[in-house]
Amino acid sequence: MTKKTLQTTLIHSDYVAPEGFAAFPSAIHHASTVLFKDVASMRSGDWKNKNAYTYGLHGTPTTFTLEARLAEIEGGKHCLLAPSGLAAISMVDLALLKSGDDVLLPDNVYNPNRELGRWLSADFGITARYYDPLIGAGIAELIQPNTKLIWTEAPGSVSMEVPDLRAICAAAKERGVLVALDNTWSAGLALRAFDLGVDIVMQALTKYQSGGSDVLMGAVITRDEALIERIALAHMRLGMGVSADDAYLVMRGLPTMKLRFEAHDAAARKVAAWLKQRPEITKVLHPAFEDCPGHEFFKRDFSGAGGLFSVLFDPRYTEAQTDRFVDALKLFGIGYSWGGANSLVMPYRIQAMRRNWPDAGILVRFNIGLEDTDDLIADLAQAFAKL
């Protein structure tokens, strides 16, 4: 080849970095176009089984590494990344459901998943029905011939009921119905979902995996080859992709995730126990506490709890008063999500969110971060004084 001009050299450099570089962090590979060695390798590559790199949207060494590590943590074999937890839920629904099918969702489901169910019913001809999260084996009575998928959430991310996953999975398996679990609350650390019979696990990596309150990402994990192929087709058709930089940020959080999760757990139990003694609070909804609905299943199936729980205020307090309490907190940010170092608080109009909600009083959810618990308790005490 003749000598290159400066402009061409700016694009086609002869320099190749030497091999042998090693470091703890995984490399960040940015790419839309992926180069093939030759035409034969281009034609033989299969994005579905990840035997080659074909296009940035289908994965790079960065995203493949994160997917493999997440599958290991969860005890699965296959993983696909999505831009958010909700995107991961949508990907599962659109992969497995078609017009005329039926999907069952727990009544305590993550509210955007509930809204997705409404959309599937209104515009896609897919029936979405809601069941009592504590139904257990009784879910068998709700399964119809056209029921294809049962969503579960353990526990409910606002009202904290813990379902009997073993009984639900057994009833579903007997009738050939798939079970998907939103396992975000335990981050795959405190619940071995596949061992209970779950077919698909969804996680919002936005939470503990990232740990920095700065990344939006979701994951779908399974052990089943046929299932991952169906979900991978939906992943491709929907154009689901994640940033290599975001994937790196999640990977950077993984080595400390278990330590952080355990610290959140210990802090949340201490704060929750203190709240349980307050006269303003009628109920603490923490799965590790005996009076939380489904506690027996938490005790049987979980090894930890993380930092998220809710409380119910005494009905004598109005919404305006509990809002004043929330506004008075200085160390708790008012915001959705959890799993970061900063504590969060969020009041919910739970009676409007749930059918046949049994309790009166305003529900307030807490994410206990990594601040000193004595400081958090002092902050709660001064906010109670403003009720």
# chains A, B, ... in the order shown; residues from 1 in each chain; ligands from 1

call {"tool": "residues_around", "arguments": {"residues": "Gly369 of chain A", "least_positions_apart": "6", "cutoff": "12 Å", "atoms": "only C-alpha atoms", "output": "tab-separated table (two decimals) with N, CA and C atoms, in the first residue's frame"}}
result
chain	number	residue	atom	x	y	z
A	207	LYS	N	-30.27	-0.75	41.58
A	207	LYS	CA	-30.27	-0.74	43.04
A	207	LYS	C	-28.90	-1.13	43.62
A	208	TYR	N	-28.83	-2.26	44.29
A	208	TYR	CA	-27.61	-2.62	45.02
A	208	TYR	C	-26.43	-2.90	44.10
A	211	GLY	N	-25.23	0.57	43.30
A	211	GLY	CA	-24.88	1.09	44.62
A	211	GLY	C	-24.59	2.57	44.67
A	212	GLY	N	-24.64	3.24	43.52
A	212	GLY	CA	-24.27	4.65	43.49
A	212	GLY	C	-25.38	5.60	43.15
A	213	SER	N	-26.61	5.09	43.01
A	213	SER	CA	-27.77	5.92	42.66
A	213	SER	C	-27.53	6.71	41.38
A	260	ARG	N	-22.06	-4.29	51.24
A	260	ARG	CA	-23.00	-3.18	51.35
A	260	ARG	C	-24.40	-3.68	51.71
A	261	PHE	N	-24.83	-4.76	51.07
A	261	PHE	CA	-26.15	-5.33	51.32
A	261	PHE	C	-26.30	-5.70	52.80
A	262	GLU	N	-25.29	-6.33	53.35
A	262	GLU	CA	-25.33	-6.73	54.76
A	262	GLU	C	-25.32	-5.52	55.68
A	263	ALA	N	-24.60	-4.46	55.31
A	263	ALA	CA	-24.60	-3.24	56.11
A	263	ALA	C	-25.97	-2.56	56.06
A	264	HIS	N	-26.58	-2.51	54.87
A	264	HIS	CA	-27.94	-1.99	54.75
A	264	HIS	C	-28.90	-2.80	55.63
A	265	ASP	N	-28.77	-4.11	55.59
A	265	ASP	CA	-29.64	-5.01	56.35
A	265	ASP	C	-29.55	-4.72	57.84
A	266	ALA	N	-28.34	-4.68	58.36
A	266	ALA	CA	-28.16	-4.45	59.80
A	266	ALA	C	-28.70	-3.09	60.22
A	267	ALA	N	-28.44	-2.08	59.41
A	267	ALA	CA	-28.92	-0.73	59.73
A	267	ALA	C	-30.44	-0.66	59.67
A	268	ALA	N	-31.03	-1.28	58.65
A	268	ALA	CA	-32.49	-1.22	58.50
A	268	ALA	C	-33.19	-1.93	59.65
A	269	ARG	N	-32.66	-3.05	60.09
A	269	ARG	CA	-33.29	-3.77	61.21
A	269	ARG	C	-33.24	-2.92	62.49
A	271	VAL	N	-33.09	0.45	62.67
A	271	VAL	CA	-34.01	1.58	62.53
A	271	VAL	C	-35.46	1.10	62.60
A	306	GLY	N	-31.56	-6.68	53.27
A	306	GLY	CA	-31.28	-5.40	52.65
A	306	GLY	C	-31.84	-4.24	53.46
A	307	GLY	N	-32.02	-3.10	52.79
A	307	GLY	CA	-32.34	-1.87	53.51
A	307	GLY	C	-33.73	-1.32	53.33
A	308	LEU	N	-34.64	-2.04	52.65
A	308	LEU	CA	-35.94	-1.48	52.29
A	308	LEU	C	-37.06	-2.06	53.14
A	309	PHE	N	-37.87	-1.19	53.74
A	309	PHE	CA	-39.06	-1.62	54.48
A	309	PHE	C	-40.03	-0.45	54.54
A	331	LEU	N	-31.87	13.89	56.75
A	331	LEU	CA	-30.90	12.93	56.23
A	331	LEU	C	-31.52	11.96	55.23
A	332	PHE	N	-32.84	12.03	55.05
A	332	PHE	CA	-33.54	11.14	54.12
A	332	PHE	C	-33.97	11.96	52.90
A	333	GLY	N	-33.49	11.58	51.73
A	333	GLY	CA	-33.97	12.21	50.51
A	333	GLY	C	-35.35	11.68	50.15
A	337	SER	N	-36.59	4.45	44.34
A	337	SER	CA	-35.44	3.55	44.24
A	337	SER	C	-34.87	3.24	45.63
A	338	TRP	N	-33.80	2.45	45.62
A	338	TRP	CA	-33.11	2.08	46.86
A	338	TRP	C	-31.76	1.46	46.50
A	339	GLY	N	-31.01	1.06	47.51
A	339	GLY	CA	-29.75	0.38	47.28
A	339	GLY	C	-28.54	1.28	47.24
A	340	GLY	N	-28.72	2.59	47.31
A	340	GLY	CA	-27.59	3.50	47.33
A	340	GLY	C	-27.15	3.83	48.75
A	341	ALA	N	-26.09	4.61	48.86
A	341	ALA	CA	-25.54	4.95	50.17
A	341	ALA	C	-26.43	5.92	50.94
A	342	ASN	N	-27.26	6.67	50.23
A	342	ASN	CA	-28.11	7.68	50.87
A	342	ASN	C	-29.46	7.10	51.26
A	343	SER	N	-29.92	7.43	52.44
A	343	SER	CA	-31.24	6.99	52.88
A	343	SER	C	-32.32	7.76	52.13
A	344	LEU	N	-33.44	7.08	51.90
A	344	LEU	CA	-34.56	7.65	51.16
A	344	LEU	C	-35.86	7.41	51.91
A	345	VAL	N	-36.85	8.24	51.62
A	345	VAL	CA	-38.19	8.08	52.19
A	345	VAL	C	-39.21	8.40	51.10
A	375	ASP	N	-27.53	8.64	63.90
A	375	ASP	CA	-27.88	9.92	63.27
A	375	ASP	C	-29.23	9.82	62.57
A	376	LEU	N	-29.49	8.70	61.91
A	376	LEU	CA	-30.78	8.52	61.24
A	376	LEU	C	-31.92	8.51	62.25

call {"tool": "select_by_dssp", "arguments": {"residues": "segment 101-350 of chain A", "states": "strand (DSSP E or B)", "output": "PyMOL selection string"}}
result
chain A and resi 102-106+127-131+147-153+178-182+191+200-204+218-222+281-285+302+308-313+333-334+344-348

call {"tool": "select_by_dssp", "arguments": {"residues": "segment 350-379 of chain A", "states": "helix (DSSP H, G or I)", "output": "number ranges by chain"}}
result
A: 350-353, 373-379

call {"tool": "write_last_selection", "arguments": {"atoms": "C-alpha atoms", "output": "PDB file, in the first residue's frame"}}
result
ATOM      1  CA  ILE A 350     -51.479   2.593  49.324  1.00  0.00           C
ATOM      2  CA  GLN A 351     -55.280   2.373  49.568  1.00  0.00           C
ATOM      3  CA  ALA A 352     -55.542   3.678  45.993  1.00  0.00           C
ATOM      4  CA  MET A 353     -52.820   1.305  44.760  1.00  0.00           C
ATOM      5  CA  THR A 373     -27.918   4.676  62.378  1.00  0.00           C
ATOM      6  CA  ASP A 374     -27.849   6.840  65.496  1.00  0.00           C
ATOM      7  CA  ASP A 375     -27.875   9.916  63.269  1.00  0.00           C
ATOM      8  CA  LEU A 376     -30.778   8.515  61.237  1.00  0.00           C
ATOM      9  CA  ILE A 377     -32.772   7.740  64.391  1.00  0.00           C
ATOM     10  CA  ALA A 378     -32.134  11.244  65.752  1.00  0.00           C
ATOM     11  CA  ASP A 379     -33.372  12.673  62.467  1.00  0.00           C
TER      12      ASP A 379
END

call {"tool": "residues_around", "arguments": {"residues": "Tyr53 of chain A", "least_positions_apart": "5", "cutoff": "10 Å", "atoms": "only C-alpha atoms", "output": "list in words"}}
result
Thr33, Val34, Leu35, Phe36, Ser41, Met42, Gly45, Asp46, Trp47, His58, Gly59, Thr60, Pro61 and Phe64 of chain A

call {"tool": "write_last_selection", "arguments": {"atoms": "C-alpha atoms", "output": "short mmCIF file (atom, residue, chain, number, x, y, z; two decimals), in the first residue's frame"}}
result
data_model
loop_
_atom_site.label_atom_id
_atom_site.label_comp_id
_atom_site.auth_asym_id
_atom_site.auth_seq_id
_atom_site.Cartn_x
_atom_site.Cartn_y
_atom_site.Cartn_z
CA THR A 33 -19.78 -1.26 14.46
CA VAL A 34 -17.97 -4.50 15.23
CA LEU A 35 -15.24 -5.53 12.77
CA PHE A 36 -15.03 -9.06 11.33
CA SER A 41 -16.44 -15.01 10.12
CA MET A 42 -19.15 -12.42 9.50
CA GLY A 45 -21.26 -15.40 13.73
CA ASP A 46 -24.50 -15.92 15.68
CA TRP A 47 -25.58 -13.10 18.01
CA HIS A 58 -25.87 -7.39 20.67
CA GLY A 59 -22.97 -7.11 23.08
CA THR A 60 -19.29 -6.35 23.61
CA PRO A 61 -16.74 -7.95 25.95
CA PHE A 64 -20.88 -10.13 28.02
#

call {"tool": "residues_around", "arguments": {"residues": "Gly136 of chain A", "least_positions_apart": "3", "cutoff": "6 Å", "atoms": "only C-alpha atoms", "output": "number ranges by chain"}}
result
A: 164, 167-168

call {"tool": "write_last_selection", "arguments": {"atoms": "C-alpha atoms", "output": "compact mmCIF listing (two decimals), in the first residue's frame"}}
result
# COMPACT_ATOMS: atom_id res chain seq x y z
CA ASP A 164 -44.91 -18.62 49.10
CA ALA A 167 -46.18 -23.26 46.29
CA ILE A 168 -46.78 -20.86 43.41

call {"tool": "atom_distance", "arguments": {"atom1": "atom CA of Ile281 of chain A", "atom2": "atom CA of His295 of chain A"}}
result
19.2 Å

call {"tool": "atom_distance", "arguments": {"atom1": "atom CA of Cys79 of chain A", "atom2": "atom CA of Val220 of chain A"}}
result
5.5 Å

call {"tool": "residues_around", "arguments": {"residues": "segment 145-154 of chain A", "least_positions_apart": "2", "cutoff": "7 Å", "atoms": "only C-alpha atoms", "output": "ChimeraX atom specification"}}
result
/A:97,101-106,109,143,156,162-163,177-183

call {"tool": "closest_atom_pairs", "arguments": {"of": "segment 216-239 of chain A", "to": "segment 88-95 of chain A", "cutoff": "9 Å", "atoms": "only C-alpha atoms", "output": "CSV"}}
result
residue,atom,partner,partner_atom,distance
A:Met217,CA,A:Ala88,CA,8.5
A:Gly218,CA,A:Ala88,CA,5.5
A:Ala219,CA,A:Ala88,CA,5.9
A:Val220,CA,A:Ala88,CA,6.1
A:Leu227,CA,A:Ala95,CA,8.9
A:Arg230,CA,A:Ala95,CA,5.9
A:Ile231,CA,A:Ala95,CA,5.2
A:Ala232,CA,A:Ala95,CA,8.2
A:Leu233,CA,A:Ala95,CA,7.3
A:Ala234,CA,A:Ala95,CA,5.2
A:His235,CA,A:Met91,CA,6.4
A:Leu238,CA,A:Met91,CA,7.8

call {"tool": "residues_around", "arguments": {"residues": "segment 383-386 of chain A", "least_positions_apart": "6", "cutoff": "8 Å", "atoms": "only C-alpha atoms", "output": "count of residues only"}}
result
6

call {"tool": "residues_around", "arguments": {"residues": "Leu116 of chain A", "least_positions_apart": "2", "cutoff": "10 Å", "atoms": "only C-alpha atoms", "output": "list in words"}}
result
Leu86, Ile89, Ser90, Asp93, Asn111, Pro112, Asn113, Arg114, Arg118, Trp119, Leu120, Ser121, Ala122 and Ala128 of chain A
